[in-house]
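Colleague: Dumping the structure here so I can ask a few things about it.
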Amino acid sequence: MTVKDLAKPDIFFFKTRQTKFRRKTEGATMTRSKSYEHETDVSAPQLWAIYGTLRAAELVPEVLPHIFTKTEVVSGDGGVGTVVQMTFSQGGTFTEKFVKVDNENYIKEALGIDGDILNAGFLYYMIRLEIIDKGPDSSVIRSTVEYDFDDGHPELEAMASTTLLAAVAAEFVKYVKEHKTPEASS
């Protein structure tokens, strides 16, 4: 099966809020989430002009080349169903499929569909990015990771992290300030 095959909607079984894909497990499933909030002095529409578009995929290896060597849009235009594959500098990949892109409320959800994180044993791995408007020049970037793992693999709990998402948030804010990114149109 190729990454392009994974982009096909009939490959996955979705349930409860159309974003739940779970791999089969033998034991009990442990469900967890971790969140990180980054307060900024940048407007929510300016940040969404990056987060809400494919510009985010293009920008990640540019602002964090020591972590990501490249990102590739496998399919899609940035909306629901878009599949993006990221390649890490230390080797390995992560492929995600956008399952929610809410341009009014500035929310994007990306479901992990292939790569090292799932190969490590996670049954489900979803990233939710929310840009919370706090005023004309203020917002909060909330990055959340939701994940499931088999209770027979408790070591996976330590592997789930928002550290990369926090680094991306800080670099995107810096980029907006340095490049005067225009606001997204709703």
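To be explicit about the labels: the chains of the structure tokens are called A, B, and onward in the order shown, and within each one the residues are counted from 1, while ligands get numbers from 1 in the order they are shown.
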Got a sec: who's within 12 Å of stretch 170-178 of chain A, counting only C-alpha atoms, leaving out chain neighbours fewer than 2 positions off, as a PDB file with N, CA and C atoms, in the first residue's frame?
Modeller:
ATOM      1  N   TYR A  36      -0.966  22.146  24.431  1.00  0.00           N
ATOM      2  CA  TYR A  36      -0.005  23.217  24.663  1.00  0.00           C
ATOM      3  C   TYR A  36      -0.645  24.500  24.152  1.00  0.00           C
ATOM      4  N   GLU A  37      -0.524  25.589  24.923  1.00  0.00           N
ATOM      5  CA  GLU A  37      -1.039  26.884  24.483  1.00  0.00           C
ATOM      6  C   GLU A  37       0.093  27.880  24.379  1.00  0.00           C
ATOM      7  N   HIS A  38       0.108  28.593  23.250  1.00  0.00           N
ATOM      8  CA  HIS A  38       1.139  29.593  22.987  1.00  0.00           C
ATOM      9  C   HIS A  38       0.439  30.937  22.800  1.00  0.00           C
ATOM     10  N   GLU A  39       0.613  31.851  23.765  1.00  0.00           N
ATOM     11  CA  GLU A  39       0.013  33.176  23.665  1.00  0.00           C
ATOM     12  C   GLU A  39       0.863  34.028  22.741  1.00  0.00           C
ATOM     13  N   THR A  40       0.185  34.784  21.858  1.00  0.00           N
ATOM     14  CA  THR A  40       0.905  35.578  20.875  1.00  0.00           C
ATOM     15  C   THR A  40       0.397  37.018  20.838  1.00  0.00           C
ATOM     16  N   ASP A  41       1.207  37.867  20.238  1.00  0.00           N
ATOM     17  CA  ASP A  41       0.787  39.239  19.976  1.00  0.00           C
ATOM     18  C   ASP A  41       0.569  39.419  18.472  1.00  0.00           C
ATOM     19  N   VAL A  42       0.006  38.371  17.866  1.00  0.00           N
ATOM     20  CA  VAL A  42      -0.324  38.344  16.446  1.00  0.00           C
ATOM     21  C   VAL A  42      -1.810  37.999  16.343  1.00  0.00           C
ATOM     22  N   SER A  43      -2.492  38.606  15.375  1.00  0.00           N
ATOM     23  CA  SER A  43      -3.930  38.345  15.244  1.00  0.00           C
ATOM     24  C   SER A  43      -4.210  36.928  14.764  1.00  0.00           C
ATOM     25  N   ALA A  44      -5.370  36.429  15.145  1.00  0.00           N
ATOM     26  CA  ALA A  44      -5.791  35.091  14.733  1.00  0.00           C
ATOM     27  C   ALA A  44      -5.890  34.978  13.204  1.00  0.00           C
ATOM     28  N   PRO A  45      -6.474  35.969  12.495  1.00  0.00           N
ATOM     29  CA  PRO A  45      -6.539  35.853  11.034  1.00  0.00           C
ATOM     30  C   PRO A  45      -5.149  35.783  10.374  1.00  0.00           C
ATOM     31  N   GLN A  46      -4.168  36.486  10.923  1.00  0.00           N
ATOM     32  CA  GLN A  46      -2.814  36.418  10.365  1.00  0.00           C
ATOM     33  C   GLN A  46      -2.227  35.012  10.533  1.00  0.00           C
ATOM     34  N   LEU A  47      -2.425  34.412  11.696  1.00  0.00           N
ATOM     35  CA  LEU A  47      -1.924  33.051  11.920  1.00  0.00           C
ATOM     36  C   LEU A  47      -2.681  32.040  11.076  1.00  0.00           C
ATOM     37  N   TRP A  48      -3.997  32.225  10.939  1.00  0.00           N
ATOM     38  CA  TRP A  48      -4.789  31.286  10.159  1.00  0.00           C
ATOM     39  C   TRP A  48      -4.416  31.333   8.673  1.00  0.00           C
ATOM     40  N   ALA A  49      -3.880  32.468   8.212  1.00  0.00           N
ATOM     41  CA  ALA A  49      -3.411  32.569   6.830  1.00  0.00           C
ATOM     42  C   ALA A  49      -2.307  31.542   6.568  1.00  0.00           C
ATOM     43  N   ILE A  50      -1.638  31.091   7.622  1.00  0.00           N
ATOM     44  CA  ILE A  50      -0.643  30.025   7.506  1.00  0.00           C
ATOM     45  C   ILE A  50      -1.269  28.688   7.898  1.00  0.00           C
ATOM     46  N   TYR A  51      -1.744  28.590   9.126  1.00  0.00           N
ATOM     47  CA  TYR A  51      -2.270  27.317   9.636  1.00  0.00           C
ATOM     48  C   TYR A  51      -3.425  26.769   8.809  1.00  0.00           C
ATOM     49  N   ARG A  55       0.219  26.628   3.128  1.00  0.00           N
ATOM     50  CA  ARG A  55       1.429  27.384   3.462  1.00  0.00           C
ATOM     51  C   ARG A  55       2.110  26.793   4.686  1.00  0.00           C
ATOM     52  N   ALA A  56       1.349  26.258   5.606  1.00  0.00           N
ATOM     53  CA  ALA A  56       1.929  25.631   6.808  1.00  0.00           C
ATOM     54  C   ALA A  56       2.843  24.477   6.412  1.00  0.00           C
ATOM     55  N   ALA A  57       2.388  23.631   5.497  1.00  0.00           N
ATOM     56  CA  ALA A  57       3.202  22.490   5.054  1.00  0.00           C
ATOM     57  C   ALA A  57       4.473  22.957   4.358  1.00  0.00           C
ATOM     58  N   GLU A  58       4.369  24.016   3.564  1.00  0.00           N
ATOM     59  CA  GLU A  58       5.534  24.555   2.867  1.00  0.00           C
ATOM     60  C   GLU A  58       6.528  25.177   3.843  1.00  0.00           C
ATOM     61  N   LEU A  59       6.001  25.822   4.862  1.00  0.00           N
ATOM     62  CA  LEU A  59       6.827  26.610   5.781  1.00  0.00           C
ATOM     63  C   LEU A  59       7.566  25.777   6.823  1.00  0.00           C
ATOM     64  N   VAL A  60       7.007  24.640   7.224  1.00  0.00           N
ATOM     65  CA  VAL A  60       7.603  23.836   8.302  1.00  0.00           C
ATOM     66  C   VAL A  60       9.081  23.504   8.063  1.00  0.00           C
ATOM     67  N   PRO A  61       9.465  22.942   6.909  1.00  0.00           N
ATOM     68  CA  PRO A  61      10.886  22.635   6.729  1.00  0.00           C
ATOM     69  C   PRO A  61      11.756  23.891   6.580  1.00  0.00           C
ATOM     70  N   GLU A  62      11.141  24.999   6.178  1.00  0.00           N
ATOM     71  CA  GLU A  62      11.881  26.259   6.053  1.00  0.00           C
ATOM     72  C   GLU A  62      12.248  26.835   7.415  1.00  0.00           C
ATOM     73  N   VAL A  63      11.303  26.796   8.360  1.00  0.00           N
ATOM     74  CA  VAL A  63      11.559  27.408   9.671  1.00  0.00           C
ATOM     75  C   VAL A  63      12.152  26.434  10.689  1.00  0.00           C
ATOM     76  N   LEU A  64      12.035  25.123  10.416  1.00  0.00           N
ATOM     77  CA  LEU A  64      12.589  24.109  11.322  1.00  0.00           C
ATOM     78  C   LEU A  64      13.380  23.054  10.532  1.00  0.00           C
ATOM     79  N   PRO A  65      14.412  23.477   9.790  1.00  0.00           N
ATOM     80  CA  PRO A  65      15.144  22.520   8.951  1.00  0.00           C
ATOM     81  C   PRO A  65      15.909  21.466   9.752  1.00  0.00           C
ATOM     82  N   ILE A 131      -6.677  28.285  16.597  1.00  0.00           N
ATOM     83  CA  ILE A 131      -6.199  29.649  16.754  1.00  0.00           C
ATOM     84  C   ILE A 131      -7.342  30.408  17.429  1.00  0.00           C
ATOM     85  N   ASP A 137      -4.770  42.274  18.038  1.00  0.00           N
ATOM     86  CA  ASP A 137      -3.346  41.910  17.965  1.00  0.00           C
ATOM     87  C   ASP A 137      -2.980  40.880  19.013  1.00  0.00           C
ATOM     88  N   SER A 138      -3.872  39.924  19.221  1.00  0.00           N
ATOM     89  CA  SER A 138      -3.631  38.928  20.261  1.00  0.00           C
ATOM     90  C   SER A 138      -4.392  37.647  19.934  1.00  0.00           C
ATOM     91  N   SER A 139      -3.713  36.529  20.152  1.00  0.00           N
ATOM     92  CA  SER A 139      -4.359  35.235  19.946  1.00  0.00           C
ATOM     93  C   SER A 139      -3.601  34.164  20.715  1.00  0.00           C
ATOM     94  N   VAL A 140      -4.203  32.997  20.784  1.00  0.00           N
ATOM     95  CA  VAL A 140      -3.590  31.840  21.424  1.00  0.00           C
ATOM     96  C   VAL A 140      -3.602  30.702  20.411  1.00  0.00           C
ATOM     97  N   ILE A 141      -2.462  30.039  20.271  1.00  0.00           N
ATOM     98  CA  ILE A 141      -2.385  28.838  19.447  1.00  0.00           C
ATOM     99  C   ILE A 141      -2.477  27.659  20.410  1.00  0.00           C
ATOM    100  N   ARG A 142      -3.561  26.908  20.313  1.00  0.00           N
ATOM    101  CA  ARG A 142      -3.722  25.716  21.139  1.00  0.00           C
ATOM    102  C   ARG A 142      -3.454  24.487  20.266  1.00  0.00           C
ATOM    103  N   SER A 143      -2.444  23.736  20.633  1.00  0.00           N
ATOM    104  CA  SER A 143      -2.071  22.517  19.918  1.00  0.00           C
ATOM    105  C   SER A 143      -2.393  21.331  20.813  1.00  0.00           C
ATOM    106  N   THR A 163       5.677  18.901  21.859  1.00  0.00           N
ATOM    107  CA  THR A 163       6.929  19.660  21.732  1.00  0.00           C
ATOM    108  C   THR A 163       7.141  20.184  20.315  1.00  0.00           C
ATOM    109  N   LEU A 164       6.958  19.332  19.305  1.00  0.00           N
ATOM    110  CA  LEU A 164       7.128  19.784  17.922  1.00  0.00           C
ATOM    111  C   LEU A 164       6.086  20.831  17.551  1.00  0.00           C
ATOM    112  N   LEU A 165       4.864  20.650  18.021  1.00  0.00           N
ATOM    113  CA  LEU A 165       3.807  21.614  17.730  1.00  0.00           C
ATOM    114  C   LEU A 165       4.096  22.962  18.380  1.00  0.00           C
ATOM    115  N   ALA A 166       4.692  22.934  19.574  1.00  0.00           N
ATOM    116  CA  ALA A 166       5.086  24.170  20.252  1.00  0.00           C
ATOM    117  C   ALA A 166       6.186  24.879  19.473  1.00  0.00           C
ATOM    118  N   ALA A 167       7.150  24.121  18.963  1.00  0.00           N
ATOM    119  CA  ALA A 167       8.232  24.713  18.167  1.00  0.00           C
ATOM    120  C   ALA A 167       7.677  25.325  16.885  1.00  0.00           C
ATOM    121  N   VAL A 168       6.749  24.632  16.241  1.00  0.00           N
ATOM    122  CA  VAL A 168       6.115  25.153  15.027  1.00  0.00           C
ATOM    123  C   VAL A 168       5.366  26.444  15.351  1.00  0.00           C
ATOM    124  N   LYS A 180       5.199  40.133   7.869  1.00  0.00           N
ATOM    125  CA  LYS A 180       3.938  40.871   7.813  1.00  0.00           C
ATOM    126  C   LYS A 180       2.875  40.124   7.011  1.00  0.00           C
ATOM    127  N   THR A 181       2.627  38.877   7.402  1.00  0.00           N
ATOM    128  CA  THR A 181       1.669  38.012   6.718  1.00  0.00           C
ATOM    129  C   THR A 181       0.276  38.657   6.736  1.00  0.00           C
ATOM    130  N   PRO A 182      -0.373  38.744   5.574  1.00  0.00           N
ATOM    131  CA  PRO A 182      -1.728  39.321   5.539  1.00  0.00           C
ATOM    132  C   PRO A 182      -2.725  38.386   6.228  1.00  0.00           C
ATOM    133  N   GLU A 183      -3.858  38.959   6.603  1.00  0.00           N
ATOM    134  CA  GLU A 183      -4.880  38.173   7.274  1.00  0.00           C
ATOM    135  C   GLU A 183      -5.586  37.262   6.282  1.00  0.00           C
TER     136      GLU A 183
END
Colleague: Please, which residues of stretch 31-182 of chain A, numbered as in this document, come out strand (DSSP E or B) from DSSP, as a count of residues only?
Modeller: 70
Colleague: Please compute the atom CA of A:Ile113-atom CA of A:Lys97 distance, one decimal, in Å.
Modeller: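 Answer for the atom CA of A:Ile113 to atom CA of A:Lys97 separation: 6.7 Å.
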Colleague: Tell me, as a list in words, which residues lie within 7 Å of stretch 149-160 of chain A, counting only C-alpha atoms; anything in the same chain fewer than 2 positions away does not count.
Modeller: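 Neighbouring residues, sequence-local ones excluded: Thr25, Gly27, Ala28, Thr29, Met30, Thr31, Gly121, Phe122, Leu123 and Tyr147 of chain A.
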Colleague: Using only C-alpha atoms, find the one residue out of A:Leu111, A:Ile67, A:Ile127, A:Ile117 that sits nearest to A:Ser89.
Modeller: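 Between A:Leu111, A:Ile67, A:Ile127, A:Ile117, the residue approaching A:Ser89 most closely is A:Ile67.
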Colleague: Write out as a PyMOL selection string all residues of stretch 28-184 of chain A that DSSP puts in alpha helix (DSSP H) for this structure's backbone.
Modeller: chain A and resi 44-51+55-63+116-119+156-159+163-179
